[in-house]
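A.B. asks: Below is the structure I would like to discuss, written out as structure tokens.
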Amino acid sequence: FEVVEVATQAFTDQKPGTSGLRKKVQVFQQAHYLENFVQSFLNVLQKNDPQLIVVGGDGRYLNLEAIQKIIAIAVANDVPQLLIARDGILSTPAASHWIRKYQADAGIILSASHNPAGEQGDFGIKFNGANGAPAPESLTSEVFEESKSLSSYKIAKLDNLDLTSDKDFVLNNTRVAIRDGVEDYVLYMADLFNFTQLDQGFKSNKISLLFDAMNAVTGPYAHRLFVDALGAPASALLNAEAKVDFGGGHPDPNLVHAADLVAAMNADDAPVVGAASDGDGDRNLILGKQQFVSPSDSLAVLLEHHRLLPQFEEGILGVARSMPTSTAVDRVAASLGIDCYETPTGWKFFGNLLDDKRIQLCGEESFGTGSDHVREKDGLWAVLAWLTIVNALNKPVAQIMLEHWQRFGRSYYCRYDFEGIENAAADQLMSELTAGVTTFKDQSFGNYIIQSADVFEYEDPVDGSVSKNQGIRIFFTDGSRVVYRLSGTGTQGATLRVYLEQYQSPEGDLLGDAREVTTTLAQAAVEIAKVSTLTGRTEPDVIT
Ligand code: VG1
Ligand code: CO
């Protein structure tokens, strides 16, 4: 085969967001679009003489096509070794594990996570570093700069490789290994958890499970993990086949999009644990019978019971949460006397803290939970962690939650998303809020009086890098908090996220409905930000 250098025009819009470059499929189908971005990454990476790159994706439309192109570009650039997931199927946490296990220099993950897939849907590409974590901002900015001035890329004129079975190819100076991307991950989970105990738990009906893979990447993983390895019945899985269009659904594991699972968990014959994961397998939703566990609470409960997890039998060094995540975990950390870090939104900010052994557990309100076993959030790990805790405590999830709140109090929590806002309106809203932070103090909205407000800024304690403008925080005199930020993962217009948190001490009503309890705070929040005046919106599109 021939290797050619193709002259190309640089694109100006390849700036990665919270989690990689995400665009409509049609954008990625433009001639040279994907090639340019991959070449830009390799140009930046080549300074470190990379030996091995891991490639895989969430199985969505364009996944296989993109992988074939990446192989051809890597071969043309003389990357010595590629490890490619069989059938292109590699969840985000499994990719992180592969990078670490095989000491790869980088990973390329094809995914737009929970965004809808298919020809009219979204596609995405994300780079991870040698530690298995999403590339830090310094690296993604360098790739973006490179992409803006790129004038050519190299590509090998290859026939498509057969990715359907484990095989090895030698193509010029590149060795390509096609391997099952599920097996290693399942084996790793067997190392981290006590499968014998979980298996017994299933057999004795102490635990039972309904897991919704939402037609996305965790389907094949869930089969091997829950059914083959842990002996759960096949009926424990819903939508467990990975489809290119995710079955036309929106694989975002929350109360709105996982409606089938929620209905099943509200039924009288509901299993002990209900769970779901997203498009690329890094998010998780945890439910008990008639009990929703908010992601912020999930993190707090995992910390409360961390010693039941084999990984943390000997204790835990520290934890972290993203800034908009509720402060539930902070209270548990304080009771344990361990550090709790507050980072900007996005898993990349946990990487340094994990590497530096400052933390071993972390999470985000957006259904993300993980530990130091990989450098991505990990949906199935979180499900196994919950199963382990429920099995050990032998109590319904609802009781575990109640006992947690009786001890630590409860952060009633809701997030309002206003989607598809005009960019200009969203920018104006954020800049008015930013200007407002200095004047908000002592103003009252309904029963809420503002105590302080700021624009969140983060200085990484490990490398000293500073990330500015990471959202606006407003604190009220009664201990409630509102956070505003614009999404960095959308592909159409802007999405305004309004995060609401209202604390209830153990003496008060702990069993309220989070939406109802936060309604008046939500009214104050939209009033403060002048949401309806500036965006014309009166109601959010999604409440989670
Ligand atoms: C969202 C979430 C954020 C998460 C990110 C990637 O980002 O809020 O917490 O890390 O998605 O998750 P944003 O910028 O839209 O708020 V995933 O599962 O899409 O890789
Ligand atoms: Co995801």
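Ligands are numbered from 1 in the order shown, residues from 1 within each chain, and chains are lettered A, B, ... in the order they appear in the structure tokens.
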Residues within 12 Å of Asp166 in chain A, please, as a list of chain:residue names. Count only C-alpha atoms; anything in the same chain fewer than 3 positions from it doesn't count.

C.D. replies: A:Leu83, A:Ile84, A:Ala85, A:Arg86, A:Asp87, A:Gly88, A:Leu161, A:Asp162, A:Leu163, A:Phe169, A:Val176, A:Ala177, A:Ile178, A:Arg179, A:Asp180, A:Gly181, A:Glu183

A.B. asks: Those same residues, written as a PDB file, in the first residue's frame with C-alpha atoms?

C.D. replies:
```
ATOM      1  CA  LEU A  83      -3.973  -1.756  20.407  1.00  0.00           C
ATOM      2  CA  ILE A  84      -7.428  -1.730  18.822  1.00  0.00           C
ATOM      3  CA  ALA A  85     -10.617  -2.963  20.453  1.00  0.00           C
ATOM      4  CA  ARG A  86     -12.305  -5.865  18.690  1.00  0.00           C
ATOM      5  CA  ASP A  87     -15.378  -4.634  16.802  1.00  0.00           C
ATOM      6  CA  GLY A  88     -14.312  -1.209  18.010  1.00  0.00           C
ATOM      7  CA  LEU A 161      -8.683  -4.230   8.456  1.00  0.00           C
ATOM      8  CA  ASP A 162     -10.807  -7.038   9.820  1.00  0.00           C
ATOM      9  CA  LEU A 163     -11.651  -5.931  13.345  1.00  0.00           C
ATOM     10  CA  PHE A 169      -1.083  -7.112  11.608  1.00  0.00           C
ATOM     11  CA  VAL A 176      -1.539  -3.532  15.066  1.00  0.00           C
ATOM     12  CA  ALA A 177      -3.131  -5.838  17.647  1.00  0.00           C
ATOM     13  CA  ILE A 178      -6.895  -6.377  17.620  1.00  0.00           C
ATOM     14  CA  ARG A 179      -8.069  -7.588  21.041  1.00  0.00           C
ATOM     15  CA  ASP A 180     -11.252  -8.138  22.971  1.00  0.00           C
ATOM     16  CA  GLY A 181     -11.900  -4.917  24.888  1.00  0.00           C
ATOM     17  CA  GLU A 183     -12.237  -9.433  28.798  1.00  0.00           C
TER      18      GLU A 183
END
```

A.B. asks: Give one line per residue of chain A that approaches ligand 1 to at most 9 Å, naming the two atoms of the closest pair and their distance in Å to one decimal, counting only C-alpha atoms and all ligand atoms; sort by chain then ascending residue number and deliver it as a tab-separated table.

C.D. replies:
```
residue	atom	partner	partner_atom_place_in_ligand_line	distance
A:Gly17	CA	ligand 1	14 (O)	7.0
A:Thr18	CA	ligand 1	14 (O)	4.8
A:Ser19	CA	ligand 1	6 (C)	5.2
A:Gly20	CA	ligand 1	20 (O)	8.2
A:Thr92	CA	ligand 1	20 (O)	7.9
A:Ser111	CA	ligand 1	20 (O)	8.0
A:Ala112	CA	ligand 1	19 (O)	6.4
A:Ser113	CA	ligand 1	19 (O)	4.4
A:His114	CA	ligand 1	19 (O)	5.6
A:Asn115	CA	ligand 1	19 (O)	7.3
A:Asp252	CA	ligand 1	18 (O)	8.0
A:Asp278	CA	ligand 1	18 (O)	6.6
A:Gly279	CA	ligand 1	18 (O)	7.5
A:Asp280	CA	ligand 1	18 (O)	6.9
A:Gly281	CA	ligand 1	18 (O)	7.5
A:Asp282	CA	ligand 1	18 (O)	5.6
A:Arg283	CA	ligand 1	18 (O)	5.4
A:Asn284	CA	ligand 1	18 (O)	9.0
A:Ser322	CA	ligand 1	9 (O)	7.3
A:Pro324	CA	ligand 1	9 (O)	8.5
A:Thr325	CA	ligand 1	9 (O)	8.6
A:Pro344	CA	ligand 1	9 (O)	8.7
A:Thr345	CA	ligand 1	9 (O)	5.0
A:Gly346	CA	ligand 1	10 (O)	3.7
A:Trp347	CA	ligand 1	10 (O)	5.3
A:Lys348	CA	ligand 1	10 (O)	8.1
A:Gly363	CA	ligand 1	9 (O)	8.6
A:Glu364	CA	ligand 1	9 (O)	5.5
A:Glu365	CA	ligand 1	9 (O)	6.5
A:Ser366	CA	ligand 1	9 (O)	4.8
A:Phe367	CA	ligand 1	9 (O)	7.7
A:Gly368	CA	ligand 1	9 (O)	7.0
A:Glu376	CA	ligand 1	20 (O)	8.7
A:Lys377	CA	ligand 1	18 (O)	8.0
A:Arg485	CA	ligand 1	16 (O)	7.5
A:Leu486	CA	ligand 1	16 (O)	6.7
A:Ser487	CA	ligand 1	14 (O)	3.7
A:Gly488	CA	ligand 1	14 (O)	3.4
A:Thr489	CA	ligand 1	15 (O)	4.0
A:Gly490	CA	ligand 1	15 (O)	6.0
A:Thr495	CA	ligand 1	15 (O)	7.6
A:Leu496	CA	ligand 1	16 (O)	8.6
A:Arg497	CA	ligand 1	16 (O)	7.1
```

A.B. asks: What parts of range 354-423 of chain A does DSSP call strand (DSSP E or B)? I'd like the answer as a list of chain:residue names.

C.D. replies: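 Going through range 354-423 of chain A, the strand (DSSP E or B) residues come out as A:Leu361, A:Cys362, A:Gly363, A:Glu364, A:Gly368, A:Thr369, A:Gly370, A:Ser371, A:Arg410, A:Ser411, A:Tyr412, A:Tyr413, A:Cys414, A:Arg415, A:Tyr416, A:Asp417, A:Phe418, A:Glu419, A:Gly420, A:Ile421.
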
A.B. asks: Determine, counting only C-alpha atoms, which protein, DNA and RNA residues have an atom within 10 Å of an atom of Phe11 in chain A; residues of the same chain fewer than 2 positions away are not included. Present the result as a ChimeraX atom specification.

C.D. replies: /A:8-9,13-15,32-33,36-37,144,147-151

A.B. asks: Export, as an mmCIF file, in the first residue's frame, the selected residues with N, CA and C atoms.

C.D. replies:
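Result saved to out-v1.cif:
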```
data_model
loop_
_atom_site.group_PDB
_atom_site.id
_atom_site.type_symbol
_atom_site.label_atom_id
_atom_site.label_comp_id
_atom_site.auth_asym_id
_atom_site.auth_seq_id
_atom_site.Cartn_x
_atom_site.Cartn_y
_atom_site.Cartn_z
ATOM 1 N N THR A 8 -4.312 19.827 3.217
ATOM 2 C CA THR A 8 -5.615 20.050 3.845
ATOM 3 C C THR A 8 -5.745 21.493 4.297
ATOM 4 N N GLN A 9 -6.981 21.899 4.431
ATOM 5 C CA GLN A 9 -7.270 23.241 4.951
ATOM 6 C C GLN A 9 -7.570 23.085 6.443
ATOM 7 N N ASP A 13 -12.732 25.101 14.198
ATOM 8 C CA ASP A 13 -13.699 24.786 15.268
ATOM 9 C C ASP A 13 -13.370 23.494 16.004
ATOM 10 N N GLN A 14 -12.100 23.101 16.040
ATOM 11 C CA GLN A 14 -11.782 21.824 16.676
ATOM 12 C C GLN A 14 -11.310 22.008 18.124
ATOM 13 N N LYS A 15 -12.020 22.829 18.835
ATOM 14 C CA LYS A 15 -11.655 23.068 20.233
ATOM 15 C C LYS A 15 -12.398 22.069 21.115
ATOM 16 N N HIS A 32 -11.715 15.437 5.395
ATOM 17 C CA HIS A 32 -10.509 15.761 6.178
ATOM 18 C C HIS A 32 -10.758 16.142 7.638
ATOM 19 N N TYR A 33 -12.026 16.211 8.065
ATOM 20 C CA TYR A 33 -12.288 16.750 9.415
ATOM 21 C C TYR A 33 -11.658 15.899 10.515
ATOM 22 N N ASN A 36 -7.747 15.597 10.093
ATOM 23 C CA ASN A 36 -7.017 16.773 10.593
ATOM 24 C C ASN A 36 -6.825 16.699 12.108
ATOM 25 N N PHE A 37 -7.914 16.350 12.783
ATOM 26 C CA PHE A 37 -7.860 16.375 14.243
ATOM 27 C C PHE A 37 -6.901 15.301 14.768
ATOM 28 N N PHE A 144 -5.558 21.897 19.841
ATOM 29 C CA PHE A 144 -6.417 22.878 19.173
ATOM 30 C C PHE A 144 -5.565 23.879 18.378
ATOM 31 N N SER A 147 -4.314 22.267 15.338
ATOM 32 C CA SER A 147 -5.363 22.030 14.323
ATOM 33 C C SER A 147 -5.651 23.294 13.509
ATOM 34 N N LYS A 148 -5.436 24.455 14.123
ATOM 35 C CA LYS A 148 -5.770 25.698 13.428
ATOM 36 C C LYS A 148 -4.753 26.061 12.340
ATOM 37 N N SER A 149 -3.574 25.412 12.384
ATOM 38 C CA SER A 149 -2.581 25.771 11.369
ATOM 39 C C SER A 149 -2.135 24.561 10.553
ATOM 40 N N LEU A 150 -2.839 23.448 10.733
ATOM 41 C CA LEU A 150 -2.428 22.233 10.032
ATOM 42 C C LEU A 150 -2.587 22.402 8.513
ATOM 43 N N SER A 151 -1.595 21.969 7.771
ATOM 44 C CA SER A 151 -1.725 22.118 6.318
ATOM 45 C C SER A 151 -1.705 20.783 5.590
#
```

A.B. asks: So that I can see what lies close to range 384-400 of chain A, please list as a CSV table (one decimal) with N, CA and C atoms, in the first residue's frame the residues with an atom at most 7 Å from it, counting only C-alpha atoms and leaving out residues fewer than 4 positions away in the same chain.

C.D. replies:
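The result, stored in selection.csv:
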```csv
chain,number,residue,atom,x,y,z
A,198,LEU,N,-20.3,-11.8,46.0
A,198,LEU,CA,-21.4,-11.2,45.2
A,198,LEU,C,-22.2,-12.4,44.6
A,201,GLY,N,-24.4,-13.7,47.2
A,201,GLY,CA,-25.4,-12.7,47.4
A,201,GLY,C,-26.6,-12.9,46.4
A,206,LYS,N,-30.0,-12.1,48.5
A,206,LYS,CA,-29.7,-10.9,49.3
A,206,LYS,C,-29.6,-9.7,48.4
A,207,ILE,N,-29.0,-9.9,47.2
A,207,ILE,CA,-29.0,-8.9,46.2
A,207,ILE,C,-29.7,-9.4,44.9
A,272,VAL,N,-33.6,-5.6,44.2
A,272,VAL,CA,-32.9,-4.8,45.3
A,272,VAL,C,-32.2,-3.5,44.7
A,288,GLY,N,-32.8,2.1,44.2
A,288,GLY,CA,-33.3,1.0,45.0
A,288,GLY,C,-34.7,0.8,44.7
A,291,GLN,N,-36.6,4.0,45.3
A,291,GLN,CA,-35.6,4.9,45.9
A,291,GLN,C,-34.6,5.3,44.8
A,308,LEU,N,-16.2,-1.4,53.3
A,308,LEU,CA,-16.8,-2.6,52.9
A,308,LEU,C,-16.3,-3.0,51.5
A,309,LEU,N,-15.7,-2.0,50.8
A,309,LEU,CA,-15.1,-2.3,49.5
A,309,LEU,C,-13.7,-2.8,49.6
A,380,LEU,N,-19.9,0.7,35.6
A,380,LEU,CA,-20.0,-0.6,36.1
A,380,LEU,C,-19.3,-0.8,37.4
A,404,HIS,N,-28.1,7.1,56.3
A,404,HIS,CA,-27.1,8.1,55.9
A,404,HIS,C,-27.5,9.5,56.3
```

A.B. asks: Give me, as a list in words, all polymer residues having an atom no more than 10 Å from Tyr484 in chain A, counting only C-alpha atoms and skipping those fewer than 5 positions away in the same chain.

C.D. replies: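 Result of the neighbour search: Pro324, Arg415, Tyr416, Leu429, Met430, Leu433, Val455, Gln470, Gly471, Ile472, Arg473, Ile474, Leu496, Arg497, Val498, Tyr499, Leu500, Ala525, Val526 and Ala529 of chain A.
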
A.B. asks: Which residues in range 282-518 of chain A does DSSP call helix (DSSP H, G or I)? List them as a PyMOL selection string.

C.D. replies: chain A and resi 295-304+306-308+310-312+328-336+347-355+379-393+397-408+423-436+514-517

A.B. asks: Keeping only C-alpha atoms, write the selected residues as a compact mmCIF listing (two decimals), in the first residue's frame.

C.D. replies:
```
# COMPACT_ATOMS: atom_id res chain seq x y z
CA PRO A 295 -25.21 10.90 42.29
CA SER A 296 -24.00 13.33 44.94
CA ASP A 297 -25.51 11.15 47.66
CA SER A 298 -24.12 8.03 46.02
CA LEU A 299 -20.61 9.40 46.37
CA ALA A 300 -21.24 10.25 50.03
CA VAL A 301 -22.64 6.80 50.80
CA LEU A 302 -19.73 5.06 49.06
CA LEU A 303 -17.38 7.06 51.24
CA GLU A 304 -19.40 6.34 54.38
CA HIS A 306 -15.80 2.54 51.92
CA ARG A 307 -14.35 -0.08 54.23
CA LEU A 308 -16.82 -2.63 52.86
CA PRO A 310 -12.07 -4.56 49.16
CA GLN A 311 -10.14 -1.65 47.61
CA PHE A 312 -10.52 0.44 50.75
CA ALA A 328 -22.93 15.59 51.02
CA VAL A 329 -19.53 13.95 50.57
CA ASP A 330 -17.78 16.84 52.34
CA ARG A 331 -19.62 16.03 55.56
CA VAL A 332 -18.60 12.38 55.43
CA ALA A 333 -15.00 13.33 54.67
CA ALA A 334 -14.99 15.70 57.63
CA SER A 335 -16.28 12.96 59.92
CA LEU A 336 -13.49 10.67 58.73
CA TRP A 347 -13.05 14.16 35.00
CA LYS A 348 -9.74 15.53 33.72
CA PHE A 349 -9.42 17.59 36.90
CA PHE A 350 -9.29 14.47 39.08
CA GLY A 351 -6.31 12.95 37.22
CA ASN A 352 -3.55 14.78 39.07
CA LEU A 353 -5.18 14.29 42.47
CA LEU A 354 -5.47 10.54 41.84
CA ASP A 355 -1.92 10.25 40.51
CA GLY A 379 -20.33 3.13 35.59
CA LEU A 380 -20.05 -0.62 36.12
CA TRP A 381 -17.52 -0.19 38.92
CA ALA A 382 -20.04 1.99 40.73
CA VAL A 383 -22.76 -0.65 40.27
CA LEU A 384 -20.46 -3.34 41.68
CA ALA A 385 -19.54 -1.06 44.58
CA TRP A 386 -23.21 -0.54 45.41
CA LEU A 387 -23.99 -4.25 45.09
CA THR A 388 -21.10 -4.98 47.45
CA ILE A 389 -22.35 -2.50 50.04
CA VAL A 390 -25.98 -3.60 49.81
CA ASN A 391 -24.90 -7.24 50.04
CA ALA A 392 -22.73 -6.60 53.09
CA LEU A 393 -25.26 -4.42 54.92
CA VAL A 397 -31.22 0.87 49.46
CA ALA A 398 -33.96 3.12 50.87
CA GLN A 399 -32.89 2.24 54.41
CA ILE A 400 -29.22 2.79 53.65
CA MET A 401 -30.13 6.26 52.39
CA LEU A 402 -32.32 7.10 55.37
CA GLU A 403 -29.63 6.03 57.84
CA HIS A 404 -27.09 8.12 55.92
CA TRP A 405 -29.28 11.23 56.12
CA GLN A 406 -30.08 10.60 59.79
CA ARG A 407 -26.40 10.75 60.48
CA PHE A 408 -25.17 13.46 58.11
CA ASN A 423 -25.28 31.38 22.25
CA ALA A 424 -25.45 35.16 22.49
CA ALA A 425 -28.25 35.04 25.08
CA ALA A 426 -26.40 32.43 27.13
CA ASP A 427 -23.20 34.47 27.05
CA GLN A 428 -25.03 37.58 28.11
CA LEU A 429 -26.68 35.75 31.00
CA MET A 430 -23.34 34.48 32.21
CA SER A 431 -21.62 37.82 31.87
CA GLU A 432 -24.40 39.60 33.76
CA LEU A 433 -24.10 37.05 36.54
CA THR A 434 -20.33 37.42 36.56
CA ALA A 435 -20.68 41.18 36.85
CA GLY A 436 -23.31 40.66 39.55
CA ALA A 514 -36.04 16.70 45.99
CA ARG A 515 -37.88 18.53 43.23
CA GLU A 516 -40.54 19.85 45.55
CA VAL A 517 -38.10 20.83 48.25
```
